[in-house]
file start-v6.cif (mmCIF, C-alpha atoms)
data_protein
loop_
_atom_site.group_PDB
_atom_site.id
_atom_site.type_symbol
_atom_site.label_atom_id
_atom_site.label_comp_id
_atom_site.auth_asym_id
_atom_site.auth_seq_id
_atom_site.Cartn_x
_atom_site.Cartn_y
_atom_site.Cartn_z
ATOM 1 C CA MET A 25 -0.466 -26.569 35.784
ATOM 2 C CA ALA A 26 2.517 -24.338 36.530
ATOM 3 C CA PHE A 27 6.088 -25.475 36.769
ATOM 4 C CA ASN A 28 7.114 -25.653 40.431
ATOM 5 C CA LYS A 29 10.587 -27.093 40.156
ATOM 6 C CA LYS A 30 13.222 -25.261 42.169
ATOM 7 C CA ILE A 31 15.227 -22.709 40.194
ATOM 8 C CA ASN A 32 18.541 -21.427 41.442
ATOM 9 C CA PRO A 33 17.428 -18.562 43.757
ATOM 10 C CA PHE A 34 20.680 -16.685 43.145
ATOM 11 C CA LEU A 35 19.899 -16.172 39.466
ATOM 12 C CA LYS A 36 18.859 -12.620 38.655
ATOM 13 C CA THR A 37 15.519 -12.152 36.948
ATOM 14 C CA ASN A 38 15.069 -9.694 34.082
ATOM 15 C CA ASN A 39 12.193 -7.336 34.844
ATOM 16 C CA ASP A 40 12.843 -5.111 31.835
ATOM 17 C CA THR A 41 11.463 -7.303 29.050
ATOM 18 C CA GLY A 42 8.307 -5.235 28.682
ATOM 19 C CA PHE A 43 6.086 -8.225 29.426
ATOM 20 C CA GLY A 44 4.065 -8.504 32.597
ATOM 21 C CA SER A 45 4.285 -11.330 35.097
ATOM 22 C CA ASN A 46 0.565 -12.096 35.389
ATOM 23 C CA PRO A 47 -0.073 -15.407 33.547
ATOM 24 C CA ASN A 48 -3.766 -14.602 33.139
ATOM 25 C CA SER A 49 -2.900 -11.640 30.929
ATOM 26 C CA PHE A 50 -1.317 -13.626 28.104
ATOM 27 C CA GLY A 51 -2.611 -15.962 25.438
ATOM 28 C CA GLY A 52 -0.217 -17.986 23.321
ATOM 29 C CA ARG A 53 3.358 -16.905 22.743
ATOM 30 C CA PHE A 54 4.838 -13.498 23.539
ATOM 31 C CA ILE A 55 6.683 -13.106 20.209
ATOM 32 C CA ASN A 56 5.587 -14.538 16.873
ATOM 33 C CA LYS A 57 8.104 -16.394 14.723
ATOM 34 C CA ASP A 58 8.338 -13.432 12.340
ATOM 35 C CA GLY A 59 9.396 -11.171 15.201
ATOM 36 C CA SER A 60 6.102 -9.323 15.650
ATOM 37 C CA PHE A 61 4.504 -9.083 19.080
ATOM 38 C CA ASN A 62 1.541 -11.386 19.672
ATOM 39 C CA LEU A 63 -0.671 -8.533 20.795
ATOM 40 C CA LYS A 64 -4.001 -7.049 19.750
ATOM 41 C CA ARG A 65 -5.204 -3.626 20.878
ATOM 42 C CA GLU A 66 -8.796 -2.834 21.734
ATOM 43 C CA GLY A 67 -10.730 0.066 23.225
ATOM 44 C CA ILE A 68 -9.560 2.651 20.709
ATOM 45 C CA PRO A 69 -11.012 3.624 17.303
ATOM 46 C CA LEU A 70 -9.654 1.640 14.352
ATOM 47 C CA LEU A 71 -8.490 4.680 12.386
ATOM 48 C CA LYS A 72 -6.534 5.949 15.382
ATOM 49 C CA ARG A 73 -5.062 2.525 16.084
ATOM 50 C CA ILE A 74 -3.777 1.768 12.604
ATOM 51 C CA GLY A 75 -0.930 3.705 10.984
ATOM 52 C CA ILE A 76 -1.696 3.435 7.259
ATOM 53 C CA TYR A 77 1.796 4.417 6.080
ATOM 54 C CA GLN A 78 3.513 2.114 8.576
ATOM 55 C CA ARG A 79 1.129 -0.706 7.685
ATOM 56 C CA LEU A 80 1.753 -0.368 3.954
ATOM 57 C CA LEU A 81 5.507 -0.361 4.512
ATOM 58 C CA SER A 82 5.354 -3.580 6.532
ATOM 59 C CA LEU A 83 2.891 -5.563 4.394
ATOM 60 C CA PRO A 84 4.219 -8.683 2.655
ATOM 61 C CA ARG A 85 5.093 -7.999 -0.955
ATOM 62 C CA TRP A 86 2.119 -9.844 -2.460
ATOM 63 C CA GLU A 87 -0.300 -8.013 -0.149
ATOM 64 C CA PHE A 88 1.222 -4.633 -1.017
ATOM 65 C CA ILE A 89 0.900 -5.308 -4.758
ATOM 66 C CA SER A 90 -2.675 -6.498 -4.203
ATOM 67 C CA VAL A 91 -3.532 -3.280 -2.325
ATOM 68 C CA ILE A 92 -2.135 -1.156 -5.175
ATOM 69 C CA LEU A 93 -4.072 -3.087 -7.844
ATOM 70 C CA ILE A 94 -7.317 -3.174 -5.862
ATOM 71 C CA PHE A 95 -7.112 0.570 -5.173
ATOM 72 C CA TYR A 96 -6.435 1.230 -8.856
ATOM 73 C CA PHE A 97 -9.506 -0.697 -10.005
ATOM 74 C CA ILE A 98 -11.794 0.616 -7.270
ATOM 75 C CA ILE A 99 -10.926 4.278 -7.843
ATOM 76 C CA ASN A 100 -11.463 3.888 -11.580
ATOM 77 C CA LEU A 101 -14.759 2.099 -11.031
ATOM 78 C CA PHE A 102 -15.766 5.004 -8.804
ATOM 79 C CA PHE A 103 -15.051 7.626 -11.469
ATOM 80 C CA THR A 104 -16.571 5.421 -14.168
ATOM 81 C CA SER A 105 -19.834 5.297 -12.232
ATOM 82 C CA ILE A 106 -19.823 9.115 -11.955
ATOM 83 C CA TYR A 107 -19.293 9.532 -15.718
ATOM 84 C CA LEU A 108 -22.135 7.123 -16.386
ATOM 85 C CA LEU A 109 -24.305 8.940 -13.854
ATOM 86 C CA ILE A 110 -23.895 12.350 -15.512
ATOM 87 C CA GLY A 111 -24.391 10.748 -18.916
ATOM 88 C CA THR A 112 -22.081 9.629 -21.702
ATOM 89 C CA GLY A 113 -23.385 12.501 -23.800
ATOM 90 C CA GLN A 114 -20.770 14.670 -22.076
ATOM 91 C CA LEU A 115 -17.992 12.453 -23.438
ATOM 92 C CA LEU A 116 -17.146 12.966 -27.099
ATOM 93 C CA GLY A 117 -15.991 9.885 -29.006
ATOM 94 C CA ILE A 118 -18.144 7.165 -27.428
ATOM 95 C CA VAL A 119 -19.018 4.719 -30.225
ATOM 96 C CA SER A 120 -20.378 1.735 -28.275
ATOM 97 C CA LYS A 121 -24.071 0.933 -28.512
ATOM 98 C CA THR A 122 -24.636 -1.650 -25.749
ATOM 99 C CA PRO A 123 -24.477 -0.858 -22.014
ATOM 100 C CA TRP A 124 -21.575 -3.263 -21.400
ATOM 101 C CA THR A 125 -19.352 -2.010 -24.193
ATOM 102 C CA ARG A 126 -20.199 1.584 -23.249
ATOM 103 C CA PHE A 127 -19.174 0.832 -19.659
ATOM 104 C CA LYS A 128 -15.850 -0.591 -20.869
ATOM 105 C CA GLU A 129 -15.152 2.491 -22.979
ATOM 106 C CA VAL A 130 -15.870 4.824 -20.080
ATOM 107 C CA PHE A 131 -13.772 2.684 -17.712
ATOM 108 C CA TYR A 132 -10.774 2.791 -20.046
ATOM 109 C CA PHE A 133 -11.261 6.544 -20.476
ATOM 110 C CA SER A 134 -11.159 6.808 -16.678
ATOM 111 C CA THR A 135 -7.885 4.859 -16.484
ATOM 112 C CA GLN A 136 -6.370 7.102 -19.158
ATOM 113 C CA THR A 137 -7.448 10.214 -17.268
ATOM 114 C CA PHE A 138 -6.282 8.831 -13.918
ATOM 115 C CA THR A 139 -2.814 8.064 -15.292
ATOM 116 C CA THR A 140 -2.831 11.281 -17.432
ATOM 117 C CA VAL A 141 -2.052 9.181 -20.539
ATOM 118 C CA GLY A 142 -4.903 10.790 -22.487
ATOM 119 C CA TYR A 143 -4.941 8.946 -25.828
ATOM 120 C CA GLY A 144 -7.464 11.465 -27.128
ATOM 121 C CA ARG A 145 -10.199 9.445 -28.850
ATOM 122 C CA ILE A 146 -12.611 10.160 -26.001
ATOM 123 C CA ASN A 147 -12.611 13.573 -24.357
ATOM 124 C CA PRO A 148 -14.980 15.474 -22.045
ATOM 125 C CA ILE A 149 -17.078 18.254 -23.551
ATOM 126 C CA GLY A 150 -19.582 19.075 -20.788
ATOM 127 C CA ASP A 151 -18.849 21.142 -17.698
ATOM 128 C CA ALA A 152 -19.644 18.261 -15.348
ATOM 129 C CA ALA A 153 -17.422 15.810 -17.253
ATOM 130 C CA ASN A 154 -14.565 18.325 -17.407
ATOM 131 C CA LEU A 155 -14.853 18.964 -13.667
ATOM 132 C CA ILE A 156 -14.844 15.253 -12.848
ATOM 133 C CA SER A 157 -11.931 14.502 -15.176
ATOM 134 C CA SER A 158 -9.947 17.377 -13.639
ATOM 135 C CA LEU A 159 -10.504 15.988 -10.152
ATOM 136 C CA GLU A 160 -9.617 12.501 -11.370
ATOM 137 C CA ALA A 161 -6.361 13.710 -12.894
ATOM 138 C CA LEU A 162 -5.484 15.428 -9.614
ATOM 139 C CA THR A 163 -6.329 12.243 -7.706
ATOM 140 C CA GLY A 164 -4.099 10.290 -10.067
ATOM 141 C CA PHE A 165 -1.153 12.638 -9.540
ATOM 142 C CA LEU A 166 -1.484 12.411 -5.761
ATOM 143 C CA SER A 167 -2.003 8.640 -5.803
ATOM 144 C CA PHE A 168 1.090 7.968 -7.877
ATOM 145 C CA ALA A 169 3.149 10.314 -5.721
ATOM 146 C CA ILE A 170 2.086 8.372 -2.613
ATOM 147 C CA ALA A 171 2.649 5.011 -4.319
ATOM 148 C CA THR A 172 6.115 6.103 -5.449
ATOM 149 C CA GLY A 173 7.023 7.102 -1.899
ATOM 150 C CA LEU A 174 5.768 3.789 -0.533
ATOM 151 C CA ILE A 175 7.654 1.763 -3.135
ATOM 152 C CA TYR A 176 10.846 3.693 -2.447
ATOM 153 C CA GLY A 177 10.343 3.332 1.313
ATOM 154 C CA ARG A 178 9.907 -0.433 0.995
ATOM 155 C CA PHE A 179 12.839 -0.714 -1.397
ATOM 156 C CA ALA A 180 15.187 1.358 0.766
ATOM 157 C CA LYS A 181 14.109 -0.027 4.148
ATOM 158 C CA PRO A 182 17.088 -1.750 5.839
ATOM 159 C CA LYS A 183 16.463 -5.380 6.784
ATOM 160 C CA ALA A 184 18.539 -7.965 8.573
ATOM 161 C CA TYR A 185 17.633 -10.786 6.142
ATOM 162 C CA LEU A 186 18.175 -13.475 8.761
ATOM 163 C CA GLN A 187 16.849 -17.013 8.597
ATOM 164 C CA PHE A 188 16.534 -18.924 11.879
ATOM 165 C CA SER A 189 16.419 -22.650 12.451
ATOM 166 C CA GLU A 190 12.852 -23.810 12.977
ATOM 167 C CA LEU A 191 13.793 -25.643 16.182
ATOM 168 C CA ALA A 192 16.090 -25.053 19.131
ATOM 169 C CA LEU A 193 17.951 -28.138 20.342
ATOM 170 C CA VAL A 194 19.215 -29.408 23.674
ATOM 171 C CA SER A 195 22.506 -30.964 22.602
ATOM 172 C CA PRO A 196 25.655 -32.407 24.196
ATOM 173 C CA TYR A 197 28.089 -29.655 25.089
ATOM 174 C CA LYS A 198 31.465 -30.194 26.751
ATOM 175 C CA GLU A 199 30.710 -32.299 29.839
ATOM 176 C CA GLY A 200 27.004 -31.497 29.910
ATOM 177 C CA THR A 201 24.301 -30.127 27.629
ATOM 178 C CA ALA A 202 23.432 -26.800 26.052
ATOM 179 C CA LEU A 203 20.472 -25.139 24.421
ATOM 180 C CA MET A 204 21.281 -24.238 20.815
ATOM 181 C CA PHE A 205 19.703 -22.671 17.765
ATOM 182 C CA ARG A 206 21.280 -21.141 14.701
ATOM 183 C CA PHE A 207 20.705 -18.502 12.067
ATOM 184 C CA ALA A 208 22.388 -17.027 9.019
ATOM 185 C CA THR A 209 22.014 -14.188 6.528
ATOM 186 C CA TYR A 210 20.476 -15.506 3.322
ATOM 187 C CA LYS A 211 21.057 -12.705 0.807
ATOM 188 C CA ASP A 212 24.034 -12.828 -1.554
ATOM 189 C CA LYS A 213 26.555 -10.015 -1.104
ATOM 190 C CA HIS A 214 24.902 -9.121 2.199
ATOM 191 C CA THR A 215 27.027 -9.284 5.339
ATOM 192 C CA LEU A 216 26.213 -7.916 8.756
ATOM 193 C CA THR A 217 28.920 -6.602 11.056
ATOM 194 C CA ASN A 218 29.069 -6.049 14.819
ATOM 195 C CA ALA A 219 26.225 -8.493 15.363
ATOM 196 C CA GLU A 220 25.029 -8.826 18.953
ATOM 197 C CA ILE A 221 22.476 -11.197 20.410
ATOM 198 C CA LYS A 222 20.388 -11.292 23.552
ATOM 199 C CA VAL A 223 18.318 -14.310 24.571
ATOM 200 C CA SER A 224 15.801 -14.302 27.405
ATOM 201 C CA VAL A 225 13.623 -17.118 28.678
ATOM 202 C CA ALA A 226 10.104 -16.827 30.085
ATOM 203 C CA LEU A 227 9.004 -19.410 32.666
ATOM 204 C CA ARG A 228 5.635 -19.764 34.330
ATOM 205 C CA VAL A 229 6.439 -20.749 37.908
ATOM 206 C CA GLU A 230 4.521 -21.394 41.091
ATOM 207 C CA GLU A 231 5.913 -20.331 44.429
ATOM 208 C CA ASN A 232 4.047 -20.068 47.726
ATOM 209 C CA GLY A 233 0.801 -20.752 45.910
ATOM 210 C CA LYS A 234 1.295 -17.838 43.498
ATOM 211 C CA ILE A 235 1.675 -18.374 39.755
ATOM 212 C CA GLU A 236 3.618 -15.830 37.723
ATOM 213 C CA TYR A 237 5.945 -15.443 34.765
ATOM 214 C CA ARG A 238 9.626 -14.920 35.417
ATOM 215 C CA PHE A 239 12.154 -13.797 32.861
ATOM 216 C CA TYR A 240 15.844 -14.617 32.852
ATOM 217 C CA ASP A 241 18.662 -13.497 30.549
ATOM 218 C CA LEU A 242 20.519 -16.575 29.344
ATOM 219 C CA VAL A 243 24.300 -16.713 29.585
ATOM 220 C CA LEU A 244 25.635 -17.380 26.088
ATOM 221 C CA GLU A 245 28.879 -18.837 24.869
ATOM 222 C CA ARG A 246 29.237 -15.790 22.634
ATOM 223 C CA TYR A 247 27.246 -12.559 22.627
ATOM 224 C CA LYS A 248 28.877 -10.815 19.700
ATOM 225 C CA VAL A 249 30.638 -11.513 16.418
ATOM 226 C CA ASP A 250 32.512 -8.953 14.344
ATOM 227 C CA ASN A 251 31.229 -10.306 11.028
ATOM 228 C CA LEU A 252 28.370 -12.615 10.095
ATOM 229 C CA PRO A 253 29.177 -14.098 6.667
ATOM 230 C CA MET A 254 28.313 -17.655 7.780
ATOM 231 C CA ASN A 255 25.848 -19.208 10.177
ATOM 232 C CA TRP A 256 25.992 -18.531 13.905
ATOM 233 C CA THR A 257 25.052 -21.291 16.325
ATOM 234 C CA VAL A 258 23.914 -19.680 19.563
ATOM 235 C CA VAL A 259 24.902 -21.766 22.598
ATOM 236 C CA HIS A 260 23.596 -21.514 26.151
ATOM 237 C CA ALA A 261 25.279 -23.975 28.509
ATOM 238 C CA ILE A 262 22.784 -25.626 30.868
ATOM 239 C CA ASP A 263 24.728 -25.580 34.122
ATOM 240 C CA GLU A 264 24.452 -24.049 37.598
ATOM 241 C CA ASN A 265 24.220 -20.583 36.019
ATOM 242 C CA SER A 266 21.232 -21.567 33.895
ATOM 243 C CA PRO A 267 17.571 -21.352 34.935
ATOM 244 C CA LEU A 268 17.045 -24.453 32.773
ATOM 245 C CA GLN A 269 19.261 -26.747 34.829
ATOM 246 C CA GLY A 270 17.534 -30.074 35.405
ATOM 247 C CA PHE A 271 14.731 -29.413 32.936
ATOM 248 C CA ASN A 272 13.273 -32.203 30.837
ATOM 249 C CA LYS A 273 10.606 -32.149 28.148
ATOM 250 C CA ASP A 274 7.724 -32.326 30.620
ATOM 251 C CA ASP A 275 9.237 -29.499 32.677
ATOM 252 C CA ILE A 276 9.430 -27.027 29.782
ATOM 253 C CA ILE A 277 5.806 -27.809 28.863
ATOM 254 C CA ALA A 278 4.650 -27.240 32.439
ATOM 255 C CA ALA A 279 6.655 -24.005 32.591
ATOM 256 C CA ASP A 280 5.181 -22.760 29.279
ATOM 257 C CA LEU A 281 8.762 -21.979 28.301
ATOM 258 C CA GLU A 282 9.480 -19.424 25.580
ATOM 259 C CA LEU A 283 12.804 -18.091 24.341
ATOM 260 C CA TYR A 284 12.889 -14.471 23.219
ATOM 261 C CA VAL A 285 15.687 -13.722 20.746
ATOM 262 C CA LEU A 286 16.836 -10.225 19.794
ATOM 263 C CA ILE A 287 19.624 -9.615 17.282
ATOM 264 C CA THR A 288 21.073 -6.220 16.430
ATOM 265 C CA ALA A 289 23.758 -5.581 13.835
ATOM 266 C CA PHE A 290 25.126 -3.030 11.392
ATOM 267 C CA ASP A 291 24.202 -3.345 7.722
ATOM 268 C CA GLU A 292 27.106 -2.022 5.677
ATOM 269 C CA VAL A 293 25.024 -1.956 2.460
ATOM 270 C CA PHE A 294 22.480 0.494 3.863
ATOM 271 C CA SER A 295 24.986 1.904 6.378
ATOM 272 C CA SER A 296 22.333 1.523 9.052
ATOM 273 C CA PRO A 297 21.630 -0.520 12.193
ATOM 274 C CA VAL A 298 19.150 -3.380 11.775
ATOM 275 C CA LEU A 299 17.423 -5.719 14.204
ATOM 276 C CA GLN A 300 15.396 -8.874 14.061
ATOM 277 C CA ARG A 301 13.392 -10.777 16.674
ATOM 278 C CA THR A 302 12.059 -14.287 16.922
ATOM 279 C CA SER A 303 11.070 -16.762 19.593
ATOM 280 C CA TYR A 304 10.965 -20.477 20.381
ATOM 281 C CA THR A 305 8.235 -22.005 22.506
ATOM 282 C CA TYR A 306 8.470 -25.323 24.347
ATOM 283 C CA SER A 307 6.931 -27.097 21.328
ATOM 284 C CA GLU A 308 9.861 -25.878 19.187
ATOM 285 C CA ILE A 309 12.597 -27.298 21.413
ATOM 286 C CA ARG A 310 13.944 -30.790 20.716
ATOM 287 C CA PHE A 311 15.947 -32.779 23.277
ATOM 288 C CA ASP A 312 18.807 -35.197 22.515
ATOM 289 C CA ALA A 313 19.571 -33.792 19.071
ATOM 290 C CA LYS A 314 22.353 -31.837 17.430
ATOM 291 C CA PHE A 315 22.676 -29.795 14.271
ATOM 292 C CA VAL A 316 24.533 -31.148 11.267
ATOM 293 C CA PRO A 317 27.211 -28.923 9.660
ATOM 294 C CA MET A 318 25.792 -26.596 7.004
ATOM 295 C CA TYR A 319 28.912 -25.511 5.156
ATOM 296 C CA ARG A 320 31.507 -27.260 3.021
ATOM 297 C CA GLU A 321 34.429 -26.604 0.711
ATOM 298 C CA SER A 322 33.923 -26.146 -3.014
ATOM 299 C CA LYS A 323 35.326 -28.828 -5.306
ATOM 300 C CA ASP A 324 38.326 -26.706 -6.201
ATOM 301 C CA GLY A 325 38.949 -25.936 -2.533
ATOM 302 C CA GLN A 326 38.894 -22.193 -3.149
ATOM 303 C CA THR A 327 35.476 -21.267 -1.741
ATOM 304 C CA THR A 328 33.385 -21.979 1.351
ATOM 305 C CA ILE A 329 29.810 -22.928 0.487
ATOM 306 C CA LEU A 330 27.075 -22.195 3.032
ATOM 307 C CA GLU A 331 24.272 -24.726 2.536
ATOM 308 C CA MET A 332 21.214 -22.768 3.621
ATOM 309 C CA HIS A 333 18.897 -25.711 2.920
ATOM 310 C CA LYS A 334 20.543 -27.481 5.859
ATOM 311 C CA ILE A 335 19.836 -24.796 8.455
ATOM 312 C CA ASN A 336 17.063 -26.939 9.984
ATOM 313 C CA GLU A 337 18.792 -30.300 9.656
ATOM 314 C CA PHE A 338 19.728 -32.159 12.835
ATOM 315 C CA LYS A 339 20.261 -35.732 13.941
ATOM 316 C CA ASP A 340 18.844 -37.663 16.863
ATOM 317 C CA ILE A 341 21.755 -38.608 19.085
ATOM 318 C CA THR A 342 19.751 -41.330 20.857
ATOM 319 C CA LYS A 343 20.010 -43.372 17.661
ATOM 320 C CA GLU A 344 23.789 -43.150 17.793
ATOM 321 C CA GLN A 345 24.021 -44.635 21.274
#
call {"tool": "encode", "arguments": {"input": "start-v6.cif", "output": "structure tokens"}}
result
Amino acid sequence: MAFNKKINPFLKTNNDTGFGSNPNSFGGRFINKDGSFNLKREGIPLLKRIGIYQRLLSLPRWEFISVILIFYFIINLFFTSIYLLIGTGQLLGIVSKTPWTRFKEVFYFSTQTFTTVGYGRINPIGDAANLISSLEALTGFLSFAIATGLIYGRFAKPKAYLQFSELALVSPYKEGTALMFRFATYKDKHTLTNAEIKVSVALRVEENGKIEYRFYDLVLERYKVDNLPMNWTVVHAIDENSPLQGFNKDDIIAADLELYVLITAFDEVFSSPVLQRTSYTYSEIRFDAKFVPMYRESKDGQTTILEMHKINEFKDITKEQ
């Protein structure tokens, strides 16, 4: 069921979001909470679709470390199997008698060759073993060069380091209400400057028997701050200039409402622009609630303390009435 409540016809729609208006083309949310687009490509070969370098740079840290370790063990198992295939007689220094212990010796010889450590107890004496060990050493050099570049790229990649509140709230604001959410930088000694924000809302509406998505840019209390050392509560007043005027909980569900948030800023540590995206769907919007303050004075009164563990804390104002 589409939302068919009347929206102010004088409000300008945003047709430049990059999302289409056909509701049958979309499943789930437009933007994931981590800022990635909820999109899967098909009809093109996998190797052409996936950028290996880009993928390795964007993997979570534990996945990246896992990829490095798995590659290391697989490549050494590969060369170990080749050494065993050509025969351990071409490797001088093998002392093991059982198949398992012989396999372990050859595997450790492979790791030493791959990393060019070369302890020297075992060394190749046949032409085939020398050829394989030469190729393995070359593979090791290239692999570590690539791994070093990836590690540096991940280490030096500028990031916004922003944490958003899990929910957006519809809270009292002046003489009416406003839609609010908040975010803050969470790294010590990391401050963004010239931070700008843009918030759009997607609504599935029905008009003249036709169902489509419409996108509106939300008017904010503040679009820009010079510095972002503390949290920023983003406020959109729900008034005659808002496409959300008159909405209740059932309305935002029927409209399949989703907020698209885009923040750009300048990172003075990396001396580079950074951006971060996120979104809030109708299930992540709470009515009749307001955030609790998340900063306080230190005991000596000399420092402001930002309490990041309170970024999601709010209170139900219906219980105060």
call {"tool": "resolve_selection", "arguments": {"input": "start-v6.cif", "expression": "the PyMOL selection byres ((chain A and resi 247-263) around 9)", "output": "number ranges by chain"}}
result
A: 194, 197-198, 200-209, 214-222, 242-246, 264-270, 318-319, 330, 332, 335
call {"tool": "closest_residue", "arguments": {"input": "start-v6.cif", "among": "A:Ser296, A:Ser307, A:Thr288, A:Ser60", "to": "A:Lys273", "atoms": "all atoms listed in the file"}}
result
A:Ser307
call {"tool": "resolve_selection", "arguments": {"input": "start-v6.cif", "expression": "the PyMOL selection byres ((chain A and resi 279) around 8)", "output": "PyMOL selection string"}}
result
chain A and resi 26-27+227-229+275-278+280-281
call {"tool": "resolve_selection", "arguments": {"input": "start-v6.cif", "expression": "the PyMOL selection byres ((chain A and resi 160) around 8)", "output": "number ranges by chain"}}
result
A: 103, 134, 137-138, 156-159, 161-164
call {"tool": "atom_distance", "arguments": {"input": "start-v6.cif", "atom1": "atom CA of A:Leu93", "atom2": "atom CA of A:Val141"}}
result
17.8 Å
call {"tool": "atom_distance", "arguments": {"input": "start-v6.cif", "atom1": "atom CA of A:Ser189", "atom2": "atom CA of A:Asn336"}}
result
5.0 Å
call {"tool": "atom_distance", "arguments": {"input": "start-v6.cif", "atom1": "atom CA of A:Phe239", "atom2": "atom CA of A:Phe54"}}
result
11.9 Å
call {"tool": "residues_around", "arguments": {"input": "start-v6.cif", "residues": "A:Gly59", "least_positions_apart": "5", "cutoff": "8 Å", "atoms": "all atoms listed in the file", "output": "list in words"}}
result
Gln300, Arg301, Thr302 and Ser303 of chain A
call {"tool": "closest_residue", "arguments": {"input": "start-v6.cif", "among": "A:Gly42, A:Pro148, A:Glu292, A:Arg238", "to": "A:Phe61", "atoms": "all atoms listed in the file"}}
result
A:Gly42
call {"tool": "axis_aligned_box", "arguments": {"input": "start-v6.cif", "around": "stretch 303-308 of chain A", "padding_each_side": "6 Å", "output": "lines of an AutoDock Vina configuration file"}}
result
center_x = 9.0
center_y = -21.9
center_z = 21.8
size_x = 16.1
size_y = 22.3
size_z = 17.2
call {"tool": "residues_near_point", "arguments": {"input": "start-v6.cif", "point": "(12.9, -37.8, 15.5)", "cutoff": "9 Å", "atoms": "all atoms listed in the file", "output": "PDB file with C-alpha atoms, keeping the file's coordinate frame"}}
result
ATOM      1  CA  ARG A 310      13.944 -30.790  20.716  1.00  0.00           C
ATOM      2  CA  ALA A 313      19.571 -33.792  19.071  1.00  0.00           C
ATOM      3  CA  LYS A 339      20.261 -35.732  13.941  1.00  0.00           C
ATOM      4  CA  ASP A 340      18.844 -37.663  16.863  1.00  0.00           C
TER       5      ASP A 340
END
